[in-house]
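**Q** This is the structure, below, for whatever I ask next.
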Amino acid sequence: MHKSFYDAITEFIFVEDEPAKSDVIFIPGGKHCELPEKAAELYRLGYAKYVVPSGKYSIVKGCMGELKSGADKYKEEYETESDFYTDVLTRNKVPREVIIEEKEATFTDQNAKFSRRLLDEKGIKVKKAILCCKGFHARRSLMYYERAFPEAEILVVPATLAYPDIQKDNWYKSEKGKKRVIGEIERIGKQYFM
């Protein structure tokens, strides 16, 4: 396959912006510590006033299950992804009072919609936000958060995960990377008009 084909897919899937002063940092659900650690770093650098971790657990598994990364540092058992993210955030010097937890979402669309509902209930207006997600999940996450916050500018600042074969520069070199990234394209195609 010609490299320009892979370049086009990479550009589409791996959305990445420079961080800028924002109202909130969103973290869609998951079990990787790198996402809330990156959000904590951005918060400490003064990029946002609030951090909004979202997630109950995977609708597929029906429970929280084991962490995908960080089990050596964050040894507790967590009821929800939001609980896990909040623990990581507070251990990384994000004050508890600026964390707005969303604990019901079981998939990405709900992460965005339920975060919107929660912020509306609290009277928090979002004009600009940072979305801290997995690199290969960036386009689909952005799609849902832009839908939930159409009036806001959403900047994607992905966290680097410990997946050496699913990075922006090499995903197309492994079966695992191709399966994950092409799977994202398929999900975007199916979910865009939902």
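Residues are named by chain letter and number: chains run A, B, ... in the order of the structure tokens, numbers start at 1 in each chain, and ligands are numbered from 1 in the order shown.
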Skipping near chain neighbours, those fewer than 2 positions away, what residues fall within 10 Å of A:Lys125 using only C-alpha atoms, listed as a ChimeraX atom specification?

**A** /A:23-24,116,119-120,122-123,127-128,149,151-152

**Q** Just want the 8 Å neighbourhood of stretch 159-168 of chain A, counted on only C-alpha atoms, with same-chain residues fewer than 5 positions away dropped. Output as an MDAnalysis selection string.

**A** chainID A and resid 10 14 32 34:35 38 69 132:136 173:174 176:177 180:181

**Q** Would you pick out the contacts of A:Glu37 at 9 Å or less, using only C-alpha atoms, so that residues sharing its chain but fewer than 6 positions from it are not included, and give the list as a VMD selection string?

**A** chain A and resid 85 88 to 89 92 159

**Q** Just N, CA, C and O atoms for this one: save the residues we selected as a JSON list (two decimals), in the first residue's frame.

**A**
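Result file follows (result10.json):
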```
[["chain", "number", "residue", "atom", "x", "y", "z"],
["A", 85, "TYR", "N", -9.90, 7.83, 37.49],
["A", 85, "TYR", "CA", -9.34, 9.08, 36.99],
["A", 85, "TYR", "C", -9.20, 10.13, 38.10],
["A", 85, "TYR", "O", -8.19, 10.84, 38.18],
["A", 88, "VAL", "N", -6.21, 9.35, 40.25],
["A", 88, "VAL", "CA", -4.97, 9.71, 39.54],
["A", 88, "VAL", "C", -4.79, 11.23, 39.54],
["A", 88, "VAL", "O", -3.70, 11.74, 39.82],
["A", 89, "LEU", "N", -5.85, 11.96, 39.25],
["A", 89, "LEU", "CA", -5.77, 13.42, 39.23],
["A", 89, "LEU", "C", -5.34, 13.98, 40.59],
["A", 89, "LEU", "O", -4.44, 14.82, 40.66],
["A", 92, "ASN", "N", -1.88, 13.48, 41.50],
["A", 92, "ASN", "CA", -1.01, 14.29, 40.66],
["A", 92, "ASN", "C", -1.30, 15.79, 40.82],
["A", 92, "ASN", "O", -1.19, 16.57, 39.87],
["A", 159, "ALA", "N", -2.97, 11.83, 25.13],
["A", 159, "ALA", "CA", -1.97, 11.26, 26.01],
["A", 159, "ALA", "C", -1.27, 10.14, 25.26],
["A", 159, "ALA", "O", -1.89, 9.43, 24.46]]
```

**Q** Which residue gives the smallest distance to A:Thr90 among A:Val51, A:Leu155, A:Ala138, A:Ala129, with only C-alpha atoms counted?

**A**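 Closest to A:Thr90 of all the choices is A:Val51.
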
**Q** Determine, using only C-alpha atoms, which residues of stretch 112-157 of chain A have any atom at most 7 Å from an atom of stretch 16-19 of chain A, and tabulate each with its shortest atom pair and distance in Å to one decimal place, rows ordered by chain and then rising number, as JSON lines.

**A**
```
{"residue": "A:Ile130", "atom": "CA", "partner": "A:Pro19", "partner_atom": "CA", "distance": 7.0}
{"residue": "A:Leu155", "atom": "CA", "partner": "A:Asp17", "partner_atom": "CA", "distance": 5.7}
{"residue": "A:Val156", "atom": "CA", "partner": "A:Glu16", "partner_atom": "CA", "distance": 5.2}
{"residue": "A:Val157", "atom": "CA", "partner": "A:Glu16", "partner_atom": "CA", "distance": 5.6}
```

**Q** Those selected residues, please, written with N, CA, C and O atoms and delivered as a PDB file, in the first residue's frame.

**A**
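Okay, part10.pdb is ready:
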```pdb
ATOM      1  N   ILE A 130     -10.228  21.438  26.383  1.00  0.00           N
ATOM      2  CA  ILE A 130      -9.186  20.495  25.980  1.00  0.00           C
ATOM      3  C   ILE A 130      -9.758  19.097  26.158  1.00  0.00           C
ATOM      4  O   ILE A 130     -10.353  18.785  27.193  1.00  0.00           O
ATOM      5  N   LEU A 155     -10.064  21.461  21.680  1.00  0.00           N
ATOM      6  CA  LEU A 155      -8.678  21.177  21.315  1.00  0.00           C
ATOM      7  C   LEU A 155      -8.330  19.769  21.778  1.00  0.00           C
ATOM      8  O   LEU A 155      -8.563  19.426  22.941  1.00  0.00           O
ATOM      9  N   VAL A 156      -7.775  18.969  20.908  1.00  0.00           N
ATOM     10  CA  VAL A 156      -7.392  17.603  21.268  1.00  0.00           C
ATOM     11  C   VAL A 156      -5.920  17.586  21.659  1.00  0.00           C
ATOM     12  O   VAL A 156      -5.050  17.956  20.863  1.00  0.00           O
ATOM     13  N   VAL A 157      -5.666  17.180  22.908  1.00  0.00           N
ATOM     14  CA  VAL A 157      -4.302  17.030  23.401  1.00  0.00           C
ATOM     15  C   VAL A 157      -4.198  15.593  23.922  1.00  0.00           C
ATOM     16  O   VAL A 157      -4.498  15.313  25.077  1.00  0.00           O
TER      17      VAL A 157
END
```
